[in-house]
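See below for work.txt, which holds compact mmCIF, C-alpha atoms.
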```txt
# COMPACT_ATOMS: atom_id res chain seq x y z
CA MET A 24 1.37 12.06 25.36
CA LYS A 25 1.66 14.92 22.84
CA ARG A 26 -0.96 14.85 20.05
CA CYS A 27 0.02 16.65 16.83
CA PHE A 28 -2.67 15.42 14.40
CA PRO A 29 -5.79 15.39 16.62
CA ARG A 30 -8.26 15.34 13.70
CA LEU A 31 -6.88 12.16 12.12
CA SER A 32 -8.84 9.73 14.26
CA LYS A 33 -12.03 11.82 14.39
CA SER A 34 -13.30 10.83 10.95
CA TRP A 35 -11.48 7.51 10.53
CA ILE A 36 -13.15 5.13 8.08
CA LYS A 37 -12.60 1.45 8.86
CA SER A 38 -12.33 -1.23 6.18
CA HIS A 39 -11.39 -4.89 5.85
CA ASP A 40 -8.25 -4.06 3.87
CA LEU A 41 -5.80 -3.18 6.64
CA GLU A 42 -2.85 -2.84 4.28
CA LEU A 43 -4.50 0.09 2.50
CA ASN A 44 -6.72 1.51 5.23
CA THR A 45 -4.05 3.78 6.70
CA TYR A 46 -3.11 5.21 3.31
CA PHE A 47 -6.75 5.85 2.46
CA ASN A 48 -7.39 7.75 5.69
CA VAL A 49 -4.17 9.77 5.47
CA LEU A 50 -5.10 10.89 1.96
CA LYS A 51 -8.66 11.68 3.07
CA TYR A 52 -7.22 13.75 5.92
CA ALA A 53 -5.21 15.71 3.32
CA GLY A 54 -8.42 16.49 1.40
CA SER A 55 -8.26 13.80 -1.27
CA SER A 56 -11.49 12.52 -2.81
CA VAL A 57 -9.83 9.31 -4.07
CA ASP A 58 -12.07 6.35 -3.31
CA GLN A 59 -10.86 2.97 -2.08
CA ASP A 60 -11.16 1.26 -5.48
CA LEU A 61 -8.90 3.79 -7.20
CA LEU A 62 -6.43 3.61 -4.32
CA TYR A 63 -6.40 -0.20 -4.57
CA LEU A 64 -5.68 0.10 -8.29
CA THR A 65 -2.76 2.49 -7.76
CA TYR A 66 -1.27 0.21 -5.08
CA GLY A 67 -0.87 -2.47 -7.72
CA GLY A 68 -1.24 -6.21 -8.14
CA PHE A 69 0.18 -8.68 -5.66
CA LEU A 70 2.60 -10.78 -7.69
CA VAL A 71 4.40 -13.63 -5.98
CA LYS A 72 7.17 -16.07 -6.75
CA SER A 73 7.76 -19.18 -4.66
CA GLY A 74 5.49 -17.81 -1.97
CA GLU A 75 7.27 -14.45 -1.71
CA HIS A 76 6.28 -11.03 -3.02
CA GLN A 77 8.20 -10.35 -6.22
CA GLU A 78 8.68 -6.66 -6.95
CA CYS A 79 10.44 -4.74 -9.68
CA ARG A 80 12.08 -1.36 -9.14
CA ILE A 81 8.65 0.25 -8.80
CA GLY A 82 7.30 -0.83 -5.42
CA LYS A 83 3.67 -0.66 -4.32
CA GLU A 84 3.93 2.48 -2.20
CA ALA A 85 5.89 4.19 -4.98
CA SER A 86 3.29 3.17 -7.57
CA MET A 87 0.53 4.59 -5.37
CA ALA A 88 2.33 7.89 -4.71
CA TYR A 89 3.45 8.49 -8.30
CA SER A 90 0.05 7.63 -9.72
CA LEU A 91 -1.65 10.11 -7.38
CA GLY A 92 0.93 12.85 -7.94
CA LEU A 93 2.38 12.72 -4.40
CA TYR A 94 5.92 12.93 -3.08
CA LEU A 95 6.96 9.68 -1.41
CA GLU A 96 9.70 9.95 1.20
CA SER A 97 11.20 6.79 2.65
CA PHE A 98 13.61 6.69 5.59
CA HIS A 99 15.55 3.62 6.79
CA HIS A 100 17.43 3.28 10.07
CA ASP A 101 19.73 0.68 11.58
CA ASP A 102 19.55 2.24 15.03
CA PRO A 103 16.17 2.05 16.83
CA LYS A 104 16.86 5.20 18.85
CA LEU A 105 17.60 7.28 15.74
CA PHE A 106 14.54 5.78 14.08
CA MET A 107 12.27 6.87 16.93
CA GLU A 108 13.82 10.34 17.05
CA ASN A 109 13.30 10.81 13.31
CA VAL A 110 9.66 9.75 13.53
CA LYS A 111 9.10 12.14 16.46
CA LYS A 112 10.83 14.99 14.62
CA ASN A 113 8.51 14.60 11.64
CA ILE A 114 5.45 14.38 13.88
CA LYS A 115 6.47 17.68 15.51
CA MET A 116 6.90 19.36 12.10
CA ARG A 117 3.22 18.60 11.31
CA LEU A 118 3.73 18.69 7.54
CA ALA A 119 2.56 15.14 6.91
CA PRO A 120 1.89 12.37 9.44
CA PRO A 121 4.66 9.70 9.39
CA ILE A 122 3.74 6.11 8.59
CA VAL A 123 5.56 3.15 10.13
CA PHE A 124 5.09 -0.61 9.85
CA VAL A 125 4.00 -2.92 12.66
CA LYS A 126 3.71 -6.66 13.09
CA GLY A 127 0.31 -7.96 12.05
CA GLU A 128 0.02 -9.86 15.33
CA LEU A 129 -0.20 -6.50 17.13
CA LEU A 130 -3.61 -6.13 15.48
CA GLU A 131 -4.43 -9.81 15.92
CA GLU A 132 -4.00 -10.38 12.19
CA SER A 133 -1.99 -12.98 10.25
CA ILE A 134 -0.61 -10.31 7.88
CA GLN A 135 3.16 -10.00 8.21
CA GLN A 136 3.21 -6.20 8.39
CA VAL A 137 0.68 -3.39 8.44
CA PRO A 138 1.30 0.34 7.86
CA VAL A 139 0.06 2.61 10.67
CA VAL A 140 0.05 6.39 10.92
CA CYS A 141 1.65 8.26 13.81
CA CYS A 142 -0.27 11.18 15.30
CA GLY A 143 1.60 11.84 18.53
CA TYR A 144 4.43 10.81 20.83
CA SER A 145 5.73 10.57 24.38
CA GLU A 146 9.22 10.08 25.77
CA GLU A 147 9.05 6.31 25.38
CA SER A 148 6.52 5.59 22.64
CA LEU A 149 4.59 6.73 19.58
CA LEU A 150 0.87 7.36 19.36
CA ILE A 151 -0.63 5.58 16.36
CA ILE A 152 -4.11 4.97 14.97
CA ASN A 153 -5.07 1.32 14.89
CA PRO A 154 -6.39 0.84 11.31
CA LYS A 155 -8.60 -2.00 12.49
CA THR A 156 -10.47 0.01 15.12
CA GLY A 157 -9.74 3.64 14.20
CA LYS A 158 -8.70 4.21 17.83
CA GLU A 159 -5.47 5.72 19.11
CA GLN A 160 -3.00 3.48 20.92
CA CYS A 161 0.60 3.60 22.11
CA LEU A 162 3.33 1.87 20.13
CA ALA A 163 6.73 0.73 21.41
CA ILE A 164 9.71 0.24 19.12
CA GLU A 165 9.48 -3.52 19.70
CA SER A 166 6.18 -3.60 17.82
CA CYS A 167 7.67 -2.06 14.66
CA ILE A 168 8.78 -4.52 12.01
CA LYS A 169 12.02 -4.30 10.08
CA THR A 170 12.28 -4.22 6.27
CA ASN A 171 15.57 -5.61 4.97
CA ASN A 172 16.83 -5.52 8.56
CA GLN A 173 16.07 -1.80 8.96
CA TRP A 174 13.29 0.21 10.56
CA GLU A 175 11.32 2.10 7.94
CA MET A 176 9.24 5.26 7.96
CA ILE A 177 7.47 6.72 4.92
CA MET A 178 5.64 9.98 4.32
CA LEU A 179 3.12 10.87 1.62
CA ASN A 180 3.66 14.56 0.99
CA VAL A 181 1.23 16.71 -0.95
CA PRO A 182 3.04 18.86 -3.56
CA GLY A 183 3.54 22.38 -2.23
CA MET A 184 2.79 21.14 1.31
CA SER A 185 -0.86 22.12 0.78
CA ARG A 186 -4.09 20.18 0.85
CA ILE A 187 -4.98 17.97 -2.10
CA THR A 188 -7.40 19.78 -4.39
CA ASP A 189 -7.68 17.54 -7.43
CA VAL A 190 -6.55 14.17 -8.74
CA SER A 191 -6.67 13.26 -12.43
CA ILE A 192 -8.44 9.91 -12.50
CA LYS A 193 -7.30 9.25 -16.07
CA PHE A 194 -3.64 9.90 -15.23
CA SER A 195 -3.86 7.84 -12.02
CA VAL A 196 -5.45 4.85 -13.76
CA GLN A 197 -3.05 4.87 -16.70
CA SER A 198 -0.03 5.21 -14.41
CA ALA A 199 -1.23 2.50 -12.02
CA VAL A 200 -1.84 -0.03 -14.80
CA SER A 201 1.48 0.85 -16.44
CA TYR A 202 3.38 0.21 -13.20
CA TYR A 203 1.48 -3.04 -12.67
CA LEU A 204 2.38 -4.31 -16.14
CA LYS A 205 6.05 -3.41 -15.57
CA ARG A 206 5.98 -5.35 -12.31
CA PHE A 207 4.26 -8.29 -13.99
CA ASN A 208 6.64 -8.33 -16.95
CA THR A 209 9.68 -8.11 -14.67
CA THR A 210 8.50 -11.22 -12.87
CA MET A 211 7.68 -12.89 -16.17
CA ALA A 212 11.26 -12.40 -17.38
CA ASN A 213 12.41 -15.14 -15.01
CA LYS A 214 9.40 -17.44 -15.00
CA LYS A 215 6.88 -18.79 -17.49
CA GLN A 216 3.50 -17.09 -17.22
CA GLU A 217 1.62 -20.32 -16.56
CA GLN A 218 3.85 -21.20 -13.60
CA LEU A 219 3.71 -17.64 -12.33
CA LEU A 220 -0.08 -17.69 -12.28
CA LYS A 221 -0.11 -21.11 -10.61
CA ASN A 222 2.15 -19.79 -7.87
CA LEU A 223 -0.13 -16.80 -7.51
CA TYR A 224 -3.21 -19.00 -7.25
CA VAL A 225 -1.87 -20.98 -4.28
CA SER A 226 -0.67 -17.82 -2.51
CA GLN A 227 -2.52 -15.46 -0.19
CA GLY A 228 -2.48 -12.95 -3.02
CA ASN A 229 -5.17 -14.87 -4.93
CA LEU A 230 -8.21 -12.85 -3.81
CA GLN A 231 -6.26 -9.59 -3.99
CA GLN A 232 -5.19 -10.29 -7.56
CA LEU A 233 -8.73 -11.10 -8.66
CA LYS A 234 -10.01 -7.94 -7.04
CA TRP A 235 -7.31 -5.83 -8.73
CA LEU A 236 -8.15 -7.22 -12.18
CA GLU A 237 -11.86 -6.63 -11.56
CA ILE A 238 -11.27 -3.00 -10.55
CA ALA A 239 -8.98 -2.44 -13.55
CA GLU A 240 -11.73 -3.72 -15.85
CA GLY A 241 -14.02 -1.02 -14.49
CA TYR A 242 -11.63 1.66 -15.76
CA ARG A 243 -10.97 0.04 -19.15
CA GLU A 244 -12.34 3.01 -21.12
CA LEU A 245 -9.50 5.17 -19.79
CA LEU A 246 -6.85 2.75 -21.10
CA THR A 247 -5.33 2.41 -24.56
CA LYS A 248 -6.43 -0.44 -26.80
CA GLU A 249 -3.06 -2.14 -26.40
CA THR A 250 -3.16 -1.93 -22.60
CA ARG A 251 -6.71 -3.29 -22.49
CA ALA A 252 -5.58 -6.25 -24.60
CA GLN A 253 -2.69 -7.01 -22.22
CA LEU A 254 -4.94 -6.94 -19.16
CA LYS A 255 -7.59 -9.05 -20.89
CA LYS A 256 -5.01 -11.72 -21.68
CA ILE A 257 -3.70 -11.78 -18.11
CA ALA A 258 -7.25 -12.07 -16.74
CA ALA A 259 -8.16 -14.84 -19.21
CA ASP A 260 -5.01 -16.83 -18.47
CA TYR A 261 -5.54 -16.44 -14.74
CA GLU A 262 -9.14 -17.64 -15.03
CA THR A 263 -7.90 -20.69 -16.99
CA ILE A 264 -5.48 -21.57 -14.19
CA THR A 265 -8.18 -21.26 -11.52
CA MET A 266 -10.52 -23.45 -13.58
CA VAL A 267 -7.83 -26.10 -13.89
CA LYS A 268 -7.44 -25.99 -10.13
CA GLY A 269 -11.17 -26.51 -9.88
CA ASP A 270 -12.06 -23.39 -7.95
CA ILE A 271 -12.89 -19.90 -9.18
CA VAL A 272 -12.97 -17.43 -6.33
CA ALA A 273 -15.68 -14.80 -6.73
```
Target encoding structure tokens, full file:
Amino acid sequence: MKRCFPRLSKSWIKSHDLELNTYFNVLKYAGSSVDQDLLYLTYGGFLVKSGEHQECRIGKEASMAYSLGLYLESFHHDDPKLFMENVKKNIKMRLAPPIVFVKGELLEESIQQVPVVCCGYSEESLLIINPKTGKEQCLAIESCIKTNNQWEMIMLNVPGMSRITDVSIKFSVQSAVSYYLKRFNTTMANKKQEQLLKNLYVSQGNLQQLKWLEIAEGYRELLTKETRAQLKKIAADYETITMVKGDIVA
């Protein structure tokens, strides 16, 4: 097994949020001082419709990358062999560690898919870091999950291919909230807000949505008056729905 990013697992920080844990550690490896709350905010709210994630043109990974001033590269393959070769090629280049998506059951989790970072390879498999344990383990192509019937690899590249030196918190917060509101309003265009929030309440995104709104409130001073009013209304309406359902989740 050839290791190309040996330092990645040395200072791995574990967390309960497996969907974001890999991104957080990859950014930390690149020298970023972004904390987990700000990263959660940039990743965006978890809007759903009829039990499915409902996204607008700006996806969650894109929102995170753009808000933090990073280059997001996304590769999609129909052929598993070409997919594996592309991942290996980018590992060998050592510019930025590739990220792929695995089935949640591989980590004994009910989540449909989890991003994991690749730090090495062999002839038959990839070496990844298990975000749940922070330990290295081998990954076969069968454990990777398809998105829209294709295998996907993404890379978060630091501008200039150098280490991250500074992140504008104000810019990141304003961008993240702006992308969230666009995503929310896109969903709203096809569904009444009350029904949308009811669907959200009964989904697995309930706790995540509440957490996002709570974090956004902590950065309210960096937002415009109009944006603060929009978020306040969304939070108030969502609280009303949860009260009607008879259960407010703290």
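When all atoms listed in the file are used to compute distances to Lys169 of chain A, the closest of the residues A:Pro154, A:Gly54, A:Gly143, A:Pro103 turns out to be A:Pro103.
Using only C-alpha atoms, the contacts of Ala258 of chain A at a cut-off of 9 Å, with sequence neighbours closer than 6 positions omitted, comprise A:Leu233, A:Leu236, A:Glu237.
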Point to revise | Contact residues around Cys141 of chain A with all atoms listed in the file at 10 Å, ignoring same-chain residues under 3 positions, as a count of residues only | key: 24
Exercise for review: Tell me, as an NGL selection string, which residues lie within 7 Å of Leu179 of chain A, counting all atoms listed in the file; anything in the same chain fewer than 4 positions away does not count.
Suggested key: :A and (93-96 or 119)
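Using all atoms listed in the file for every distance, the candidate list A:Glu42, A:Asp102, A:Glu128, A:Glu84 yields A:Glu84 as the residue closest to Thr65 of chain A.
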Point to revise | Coordinates-based distance that separates atom CA of Gly92 of chain A from atom CA of Ala239 of chain A (Å, one decimal) | key: 19.1 Å
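Between atom CA of Gln136 of chain A and atom CA of Ser34 of chain A there is a distance of 23.9 Å.
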Exercise for review: Please provide as a list in words all residues within 9 Å of Val196 of chain A, with the sequence filter that same-chain residues fewer than 2 positions apart are discarded (counting all atoms listed in the file).
Suggested key: Leu61, Leu64, Thr65, Ser90, Ser191, Ile192, Lys193, Phe194, Ser198, Ala199, Val200, Ser201, Ala239, Tyr242, Leu245 and Leu246 of chain A
Point to revise | Which of A:Val140, A:Met116, A:Met87, A:Leu129 sits closest to Val57 of chain A [using only C-alpha atoms] | key: A:Met87
Point to revise | Contacts of Glu240 of chain A within 9 Å, all atoms listed in the file, excl. fewer than 4 positions in-chain, as a ChimeraX atom specification | key: /A:235-236,244,251,254-255
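In this structure, atom CA of Lys112 of chain A sits 13.1 Å away from atom CA of Ser148 of chain A.
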Check your understanding: Which is closest to Thr188 of chain A among A:Ala88, A:Leu118, A:Val125, A:Ala53, if we use all atoms listed in the file?
Key -> A:Ala53
Exercise for review: Can you work out which one of A:Leu62, A:Ile177, A:Ile134, A:Ala85 has the shortest atom-to-atom distance to Leu50 of chain A, counting only C-alpha atoms?
Suggested key: A:Leu62
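For the residues A:Trp174, A:Phe124, A:Tyr66, A:Phe98, ranking by smallest atom-to-atom distance to Arg206 of chain A using all atoms listed in the file places A:Tyr66 first.
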